[in-house]
Each structure stands twice: as structure tokens, then as C-alpha cells.
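K.L.:
Please read through the structure below; I'll follow up with questions.
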Amino acid sequence: MNLQGKVALVTGSSQGIGQAIAIRLARAGASIVINYRSHPEGAEATLEQVKAAGGQCQMVDGFTVQADIGMVADVQRMIADAVAHFGQLDILVNNAGVEKNADFWDVSEADYDAVMNVNLKGVFFAIQAFVKHLRETKQPGKVINISSVHEELPFPHFAAYCASKGGVKMLTRNLAVELAPLGITVNNVAPGAIETPINTKLLNDPEQLGALLKNIPLGRLGKPADVASLVTFLASPESDYVTGTTFFVDGGLLWNYQEQ
């Protein structure tokens, strides 16, 4: 999969899945815009690995940009800064996301807004700003949204999160149809249980982890690289006829899950 000459922006790429995606895209030859909200040190670590992943390919470069994806003005500035730095933007990976754990009757408006603003509104307006750039330059493009198995699978005590991911699913399908005449493809990658910092508590709880693994036919948690490989395919010319689809990266969890 060859992405030489392409520029990709990966939101929330200072750690976890986003970091793995940024590095994998760089390995394929793309220059990377690394977005972070509050961890500049993580973004710099990603930048170092992006440059190393590019190896001898002098066309590969990296650039970090701070932006809160839950703020529309920040999102628009992020896209503008990326274009200003590289002169183009070909691939948008909407990876940044948050979740809040609470009983439904205890969910506050502030927590609901925090989840929806990043997971759905931020995705909506990042794609909008990206599409405006592509229309102005009359170029095709690729949008890859990092959704979740919870666009399909209920997740008690995470109602706002599930609603946001369900919204991303429908947004993806709708925009795939609306943007196809512009040569823009839009797809979802929906991870299941992945070994990332957000799952540290789970990884340190043998009983809870064991119960989860019983629900995963492949018998293990996913790695960020498992997600990054699929994103790279969707960012490449090899997926040019693929749009409007969700790809589950979950070891079979979605089709085997049972509440304990």
C-alpha cells in the first residue's frame, strides 16, 4: 500500500490507536498531521516515530497541531493549519474520542455534551472543513472514522457514547452517498476491545478481563496495529471502490457477546 505524496491528518494521535495509525500511514509513505488536545509530549513522541517510520523516504514529514476536537473553531483551524503547512490534505482519520461511565439517570448535561461534542459534532465539522478544502482544490479524498463496536452493541452505563457512535455510523453512510460524486470515500473502522491506555483499569483486573476474553472468539484483545493496518488499506488507492461501510476489528466480539 503506497501513500507516497499523500498527507493524512489523524485526530487524537498522541497515544493509543491514533498514534499507531499515524505511524503506520507514515510507513506507507504519507506525511502526517498529528493532532493532540492536552498531551504535547505524546504528540512529539508520535512525530519522532512518524519520521523514523518514513525511513529513507525524504518525502515523509510530520507536523503537530493542538486542537480540541469538541470545539468547532479549533477543528476548522486544525484543517487550515494542516493545509497551510503541507499545501494539501488527502486523508482524514477521525480517531479522537471520549467516553463517560455513569448510570443513565446520573448522566449530567456537561458529560453528555463532552462526549457528543468530540465523538460526533467534532467528526461532522472536521469532515466538513476537509471537504471544503477538497472542493476548492478539485481533488478526491479519503475519510476514515474510528467508530466502535458500540455503534451496534449496547454498552450499559455508556449511553451517550453509544449514541455518539451510532450517529457516526449513520453520518458515514449518508456522507458516502452525498460525497461520492466528488470522489470522496467515507468509511468506519469499529474497534472492539483494544489494548490502549483507556483500558488500563480493565487490563489490571484479571476477573473482568477474563470475562471479556470469553466473549472474544479469537481469545485475545486487539492491538492498535490491528486497527492501523485496516485504516491504511482504506486510506490507499486499493480501497477506491469501498465506501459507506463499517469494518469491525473486534476478534468476533460483536457476534458472540453475552451480558454477564
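Letters for chains follow the order of the C-alpha cells (A, B, ...), residue numbers begin at 1 for each chain, and ligand numbers begin at 1 in the order shown.
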Run DSSP on the backbone of this structure and report the residues of range 38-214 of chain A it assigns to strand (DSSP E), as an MDAnalysis selection string.

P.N.:
chainID A and resid 62:66 91:94 141:146 184:191

K.L.:
Limited to C-alpha atoms, could you put the picked residues into a file as a PDB file, in the first residue's frame?

P.N.:
ATOM      1  CA  GLY A  62       5.272  15.259  10.255  1.00  0.00           C
ATOM      2  CA  PHE A  63       3.591  18.232  11.870  1.00  0.00           C
ATOM      3  CA  THR A  64       1.857  18.580  15.240  1.00  0.00           C
ATOM      4  CA  VAL A  65      -1.194  20.744  15.833  1.00  0.00           C
ATOM      5  CA  GLN A  66      -3.058  21.353  19.078  1.00  0.00           C
ATOM      6  CA  ILE A  91      -6.743  11.739   4.083  1.00  0.00           C
ATOM      7  CA  LEU A  92      -8.698  12.496   7.264  1.00  0.00           C
ATOM      8  CA  VAL A  93      -8.778   9.967  10.092  1.00  0.00           C
ATOM      9  CA  ASN A  94     -11.275  10.931  12.805  1.00  0.00           C
ATOM     10  CA  GLY A 141     -10.051  12.298  -0.726  1.00  0.00           C
ATOM     11  CA  LYS A 142     -10.467   9.635   1.930  1.00  0.00           C
ATOM     12  CA  VAL A 143     -12.327   9.910   5.240  1.00  0.00           C
ATOM     13  CA  ILE A 144     -11.882   7.135   7.797  1.00  0.00           C
ATOM     14  CA  ASN A 145     -13.850   7.407  11.029  1.00  0.00           C
ATOM     15  CA  ILE A 146     -12.796   5.376  14.047  1.00  0.00           C
ATOM     16  CA  ILE A 184     -14.516  11.240  -1.658  1.00  0.00           C
ATOM     17  CA  THR A 185     -14.920   7.893   0.118  1.00  0.00           C
ATOM     18  CA  VAL A 186     -16.137   7.673   3.724  1.00  0.00           C
ATOM     19  CA  ASN A 187     -15.780   4.550   5.858  1.00  0.00           C
ATOM     20  CA  ASN A 188     -15.862   3.463   9.507  1.00  0.00           C
ATOM     21  CA  VAL A 189     -13.428   1.252  11.364  1.00  0.00           C
ATOM     22  CA  ALA A 190     -15.062  -0.087  14.530  1.00  0.00           C
ATOM     23  CA  PRO A 191     -12.613  -1.477  17.100  1.00  0.00           C
TER      24      PRO A 191
END

K.L.:
Would you pick out the contacts of Gln49 in chain A at 9 Å or less, using only C-alpha atoms, so that residues sharing its chain but fewer than 3 positions from it are not included, and give the list as a PDB file with N, CA and C atoms, in the first residue's frame?

P.N.:
ATOM      1  N   ALA A  22      -1.045   6.817  12.856  1.00  0.00           N
ATOM      2  CA  ALA A  22      -0.129   7.817  12.294  1.00  0.00           C
ATOM      3  C   ALA A  22       1.175   7.162  11.845  1.00  0.00           C
ATOM      4  N   ILE A  23       1.713   6.293  12.680  1.00  0.00           N
ATOM      5  CA  ILE A  23       2.987   5.636  12.363  1.00  0.00           C
ATOM      6  C   ILE A  23       2.830   4.694  11.174  1.00  0.00           C
ATOM      7  N   ALA A  26       2.589   6.627   7.947  1.00  0.00           N
ATOM      8  CA  ALA A  26       3.914   7.142   7.592  1.00  0.00           C
ATOM      9  C   ALA A  26       4.763   6.037   6.976  1.00  0.00           C
ATOM     10  N   GLU A  44       4.778  14.783  20.339  1.00  0.00           N
ATOM     11  CA  GLU A  44       6.180  14.823  19.921  1.00  0.00           C
ATOM     12  C   GLU A  44       6.746  13.413  19.793  1.00  0.00           C
ATOM     13  N   ALA A  45       6.331  12.517  20.693  1.00  0.00           N
ATOM     14  CA  ALA A  45       6.776  11.124  20.598  1.00  0.00           C
ATOM     15  C   ALA A  45       6.252  10.491  19.314  1.00  0.00           C
ATOM     16  N   THR A  46       5.000  10.789  18.973  1.00  0.00           N
ATOM     17  CA  THR A  46       4.440  10.291  17.716  1.00  0.00           C
ATOM     18  C   THR A  46       5.209  10.846  16.532  1.00  0.00           C
ATOM     19  N   ALA A  52      10.775   8.371  11.884  1.00  0.00           N
ATOM     20  CA  ALA A  52      11.557   7.133  11.825  1.00  0.00           C
ATOM     21  C   ALA A  52      10.892   6.119  10.907  1.00  0.00           C
ATOM     22  N   ALA A  53       9.557   6.068  10.941  1.00  0.00           N
ATOM     23  CA  ALA A  53       8.816   5.113  10.106  1.00  0.00           C
ATOM     24  C   ALA A  53       8.986   5.429   8.633  1.00  0.00           C
ATOM     25  N   GLY A  54       9.177   6.717   8.316  1.00  0.00           N
ATOM     26  CA  GLY A  54       9.371   7.108   6.932  1.00  0.00           C
ATOM     27  C   GLY A  54      10.689   6.631   6.365  1.00  0.00           C
TER      28      GLY A  54
END

K.L.:
For the structure I just gave you, how does DSSP split range 20-212 of chain A - specifically, which residues are alpha helix (DSSP H)? Reply as JSON, numbers by chain.

P.N.:
{"A": [20, 21, 22, 23, 24, 25, 26, 27, 40, 41, 42, 43, 44, 45, 46, 47, 48, 49, 50, 51, 52, 53, 72, 73, 74, 75, 76, 77, 78, 79, 80, 81, 82, 83, 84, 85, 86, 109, 110, 111, 112, 113, 114, 115, 116, 122, 123, 124, 125, 126, 127, 128, 129, 130, 131, 132, 133, 134, 135, 136, 137, 159, 160, 161, 162, 163, 164, 165, 166, 167, 168, 169, 170, 171, 172, 173, 174, 175, 176, 177, 178, 179, 200, 201, 202, 203, 206, 207, 208, 209, 210, 211, 212]}

K.L.:
In terms of the shortest atom-to-atom distance over only C-alpha atoms, which of A:Asn215, A:Ser164, A:Ser31, A:Gln4 is closest to Val98 in chain A?

P.N.:
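Closest candidate: A:Ser164.
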
K.L.:
Of the candidates A:Ser38, A:Lys223, A:Gln208, A:Met71, which one gets nearest to Asp113 in chain A if we count only C-alpha atoms?

P.N.:
A:Met71

K.L.:
Counting only C-alpha atoms, which of A:His85, A:Arg37, A:Lys132, A:Lys165 gets nearest to Val115 in chain A?

P.N.:
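Of A:His85, A:Arg37, A:Lys132, A:Lys165, the one nearest Val115 in chain A, counting only C-alpha atoms, is A:Lys165.
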
K.L.:
Hey, what's within 8 Å of Val10 in chain A if we count only C-alpha atoms and toss same-chain stuff fewer than 2 positions away? As a list in words, please?

P.N.:
Ala8, Gly12, Ser13, Gly18, Ile21, Ala22, Ile32, Val33, Ile34, Asn35, Leu92, Val93, Asn94 and Asn95 of chain A

K.L.:
Do you know which residues are at most 12 Å from Ala163 in chain A counting only C-alpha atoms, after dropping those on the same chain fewer than 3 positions away, and could you put them as a PDB file with C-alpha atoms, in the first residue's frame?

P.N.:
ATOM      1  CA  GLU A  99     -16.327   8.184  26.979  1.00  0.00           C
ATOM      2  CA  TYR A 112     -23.277  14.313  27.639  1.00  0.00           C
ATOM      3  CA  ASP A 113     -22.036  17.385  25.773  1.00  0.00           C
ATOM      4  CA  VAL A 115     -18.955  13.033  24.673  1.00  0.00           C
ATOM      5  CA  MET A 116     -21.165  14.203  21.808  1.00  0.00           C
ATOM      6  CA  ASN A 117     -19.033  17.243  21.020  1.00  0.00           C
ATOM      7  CA  ASN A 119     -17.309  11.941  19.135  1.00  0.00           C
ATOM      8  CA  LEU A 120     -19.972  13.279  16.771  1.00  0.00           C
ATOM      9  CA  SER A 147     -16.141   4.297  15.407  1.00  0.00           C
ATOM     10  CA  SER A 148     -16.693   1.386  17.818  1.00  0.00           C
ATOM     11  CA  VAL A 149     -18.465  -1.938  18.132  1.00  0.00           C
ATOM     12  CA  HIS A 150     -20.811   0.143  20.262  1.00  0.00           C
ATOM     13  CA  GLU A 151     -22.342   1.692  17.163  1.00  0.00           C
ATOM     14  CA  GLU A 152     -24.128  -1.692  17.159  1.00  0.00           C
ATOM     15  CA  LEU A 153     -23.528  -3.281  20.565  1.00  0.00           C
ATOM     16  CA  PRO A 154     -25.327  -1.888  23.639  1.00  0.00           C
ATOM     17  CA  PHE A 155     -22.973  -0.786  26.411  1.00  0.00           C
ATOM     18  CA  PRO A 156     -24.884  -0.166  29.664  1.00  0.00           C
ATOM     19  CA  HIS A 157     -23.701   2.883  31.642  1.00  0.00           C
ATOM     20  CA  PHE A 158     -22.228   4.449  28.468  1.00  0.00           C
ATOM     21  CA  ALA A 159     -25.432   5.657  26.807  1.00  0.00           C
ATOM     22  CA  ALA A 160     -24.019   8.913  25.428  1.00  0.00           C
ATOM     23  CA  GLY A 166     -24.453   5.287  16.329  1.00  0.00           C
ATOM     24  CA  GLY A 167     -24.508   8.817  14.967  1.00  0.00           C
ATOM     25  CA  VAL A 168     -21.088   8.340  13.366  1.00  0.00           C
ATOM     26  CA  LYS A 169     -22.349   5.161  11.688  1.00  0.00           C
ATOM     27  CA  MET A 170     -25.265   6.983  10.061  1.00  0.00           C
TER      28      MET A 170
END

K.L.:
Give the answer as one residue: which of A:Lys138, A:Lys51, A:Lys100, A:Lys6 has the shortest atom-to-atom distance to Phe86 in chain A, using only C-alpha atoms?

P.N.:
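Answer, going by the shortest atom-to-atom distance: A:Lys6.
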
K.L.:
Would you mind listing what lies within 6 Å of Ala20 in chain A as a PDB file with N, CA and C atoms, in the first residue's frame, with only C-alpha atoms counted and same-chain residues fewer than 4 positions away left out?

P.N.:
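Here's the written file part.pdb:
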ATOM      1  N   PRO A 224      -3.372  -1.961  18.844  1.00  0.00           N
ATOM      2  CA  PRO A 224      -3.554  -0.783  17.990  1.00  0.00           C
ATOM      3  C   PRO A 224      -3.143  -1.035  16.546  1.00  0.00           C
ATOM      4  N   ALA A 225      -2.124  -1.865  16.347  1.00  0.00           N
ATOM      5  CA  ALA A 225      -1.670  -2.169  14.985  1.00  0.00           C
ATOM      6  C   ALA A 225      -2.734  -2.899  14.172  1.00  0.00           C
ATOM      7  N   ALA A 228      -4.708  -0.090  12.830  1.00  0.00           N
ATOM      8  CA  ALA A 228      -3.920   0.747  11.929  1.00  0.00           C
ATOM      9  C   ALA A 228      -3.756   0.120  10.548  1.00  0.00           C
TER      10      ALA A 228
END

K.L.:
Just give me the gap between CA of Leu47 in chain A and CA of Ser14 in chain A in Å, one decimal is fine.

P.N.:
8.7 Å

K.L.:
If you measure from CA of Val7 in chain A to CA of Asp250 in chain A, what distance in Å do you get, rounded to one decimal?

P.N.:
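A separation of 27.8 Å between them.
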
K.L.:
Each residue of range 22-87 of chain A lying at most 12 Å from range 233-237 of chain A should get a row with its shortest atom-to-atom pair and the distance in Å to one decimal, counting only C-alpha atoms; could you produce that, ordered by chain and increasing number, as CSV?

P.N.:
residue,atom,partner,partner_atom,distance
A:Ala22,CA,A:Ala235,CA,11.6
A:Arg24,CA,A:Phe233,CA,10.4
A:Leu25,CA,A:Ala235,CA,8.3
A:Ala26,CA,A:Ala235,CA,11.5
A:Ala28,CA,A:Ser236,CA,9.0
A:Gly29,CA,A:Ser236,CA,10.5
A:Ala30,CA,A:Ala235,CA,9.8

K.L.:
Please save N, CA and C atoms of the selected residues as a PDB file, in the first residue's frame.

P.N.:
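Below is the file result06.pdb, written as the result:
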ATOM      1  N   ALA A  22      -1.045   6.817  12.856  1.00  0.00           N
ATOM      2  CA  ALA A  22      -0.129   7.817  12.294  1.00  0.00           C
ATOM      3  C   ALA A  22       1.175   7.162  11.845  1.00  0.00           C
ATOM      4  N   ARG A  24       1.727   3.961  11.134  1.00  0.00           N
ATOM      5  CA  ARG A  24       1.507   3.007  10.039  1.00  0.00           C
ATOM      6  C   ARG A  24       1.327   3.734   8.702  1.00  0.00           C
ATOM      7  N   LEU A  25       0.606   4.852   8.704  1.00  0.00           N
ATOM      8  CA  LEU A  25       0.430   5.625   7.477  1.00  0.00           C
ATOM      9  C   LEU A  25       1.759   6.206   7.001  1.00  0.00           C
ATOM     10  N   ALA A  26       2.589   6.627   7.947  1.00  0.00           N
ATOM     11  CA  ALA A  26       3.914   7.142   7.592  1.00  0.00           C
ATOM     12  C   ALA A  26       4.763   6.037   6.976  1.00  0.00           C
ATOM     13  N   ALA A  28       3.743   3.767   5.183  1.00  0.00           N
ATOM     14  CA  ALA A  28       3.269   3.591   3.801  1.00  0.00           C
ATOM     15  C   ALA A  28       3.660   4.764   2.913  1.00  0.00           C
ATOM     16  N   GLY A  29       4.295   5.799   3.505  1.00  0.00           N
ATOM     17  CA  GLY A  29       4.807   6.903   2.702  1.00  0.00           C
ATOM     18  C   GLY A  29       4.091   8.220   2.840  1.00  0.00           C
ATOM     19  N   ALA A  30       3.050   8.287   3.692  1.00  0.00           N
ATOM     20  CA  ALA A  30       2.298   9.531   3.849  1.00  0.00           C
ATOM     21  C   ALA A  30       2.971  10.465   4.844  1.00  0.00           C
TER      22      ALA A  30
END

K.L.:
CA of Lys121 in chain A and CA of Thr200 in chain A are how many Å apart?

P.N.:
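Result for CA of Lys121 in chain A versus CA of Thr200 in chain A: 26.9 Å, one decimal.
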
K.L.:
From the set A:Gly42, A:Gly192, A:Pro197, A:Gly87, which residue has the shortest atom-to-atom contact distance to Phe248 in chain A, counting only C-alpha atoms?

P.N.:
A:Gly192

K.L.:
Using only C-alpha atoms, find the one residue out of A:Gln15, A:Lys214, A:Leu254, A:Phe130 that sits nearest to Glu41 in chain A.

P.N.:
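Of all the options, A:Gln15 lies closest to Glu41 in chain A.
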
K.L.:
Using only C-alpha atoms, which protein or nucleic acid residues come within 8 Å of range 172-183 of chain A? Drop anything in the same chain fewer than 6 positions from it, and give the result as a VMD selection string.

P.N.:
chain A and resid 135 139 to 141 145 243 to 245

K.L.:
Could you turn the residues from that selection into a file that holds N, CA and C atoms, as a CSV table (one decimal), in the first residue's frame?

P.N.:
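Ended up saving to result_20.csv:
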chain,number,residue,atom,x,y,z
A,135,ARG,N,-13.0,20.4,-2.3
A,135,ARG,CA,-13.8,21.0,-3.4
A,135,ARG,C,-13.0,22.2,-4.0
A,139,GLN,N,-9.9,18.0,-5.7
A,139,GLN,CA,-9.2,16.7,-5.5
A,139,GLN,C,-10.1,15.7,-4.8
A,140,PRO,N,-9.8,14.4,-5.1
A,140,PRO,CA,-10.5,13.4,-4.3
A,140,PRO,C,-10.0,13.3,-2.9
A,141,GLY,N,-10.6,12.5,-2.1
A,141,GLY,CA,-10.1,12.3,-0.7
A,141,GLY,C,-10.6,11.1,0.0
A,145,ASN,N,-13.4,7.1,9.7
A,145,ASN,CA,-13.8,7.4,11.0
A,145,ASN,C,-13.6,6.2,11.9
A,243,THR,N,-16.8,2.3,0.0
A,243,THR,CA,-17.3,3.5,0.7
A,243,THR,C,-18.7,3.2,1.4
A,244,GLY,N,-18.9,3.9,2.5
A,244,GLY,CA,-20.2,3.7,3.3
A,244,GLY,C,-20.3,2.5,4.1
A,245,THR,N,-19.1,1.9,4.5
A,245,THR,CA,-19.1,0.6,5.2
A,245,THR,C,-18.4,0.8,6.5

K.L.:
Please provide as a list in words all residues within 10 Å of Arg220 in chain A, with the sequence filter that same-chain residues fewer than 6 positions apart are discarded (counting only C-alpha atoms).

P.N.:
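Near neighbours after the sequence-gap exclusion: Ala193, Ile194, Glu195, Leu209, Gly210, Leu212, Leu213, Lys214, Asp250 and Gly251 of chain A.
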
K.L.:
Let me see the file: selected residues, C-alpha atoms, as a compact mmCIF listing (two decimals), in the first residue's frame.

P.N.:
# COMPACT_ATOMS: atom_id res chain seq x y z
CA ALA A 193 -11.53 -4.28 22.99
CA ILE A 194 -8.07 -2.91 22.17
CA GLU A 195 -5.00 -2.69 24.43
CA LEU A 209 -10.52 -9.26 31.69
CA GLY A 210 -11.16 -12.98 31.82
CA LEU A 212 -14.35 -10.28 28.41
CA LEU A 213 -11.93 -12.69 26.75
CA LYS A 214 -14.56 -15.44 26.97
CA ASP A 250 -13.01 -6.99 17.30
CA GLY A 251 -11.88 -10.62 17.14
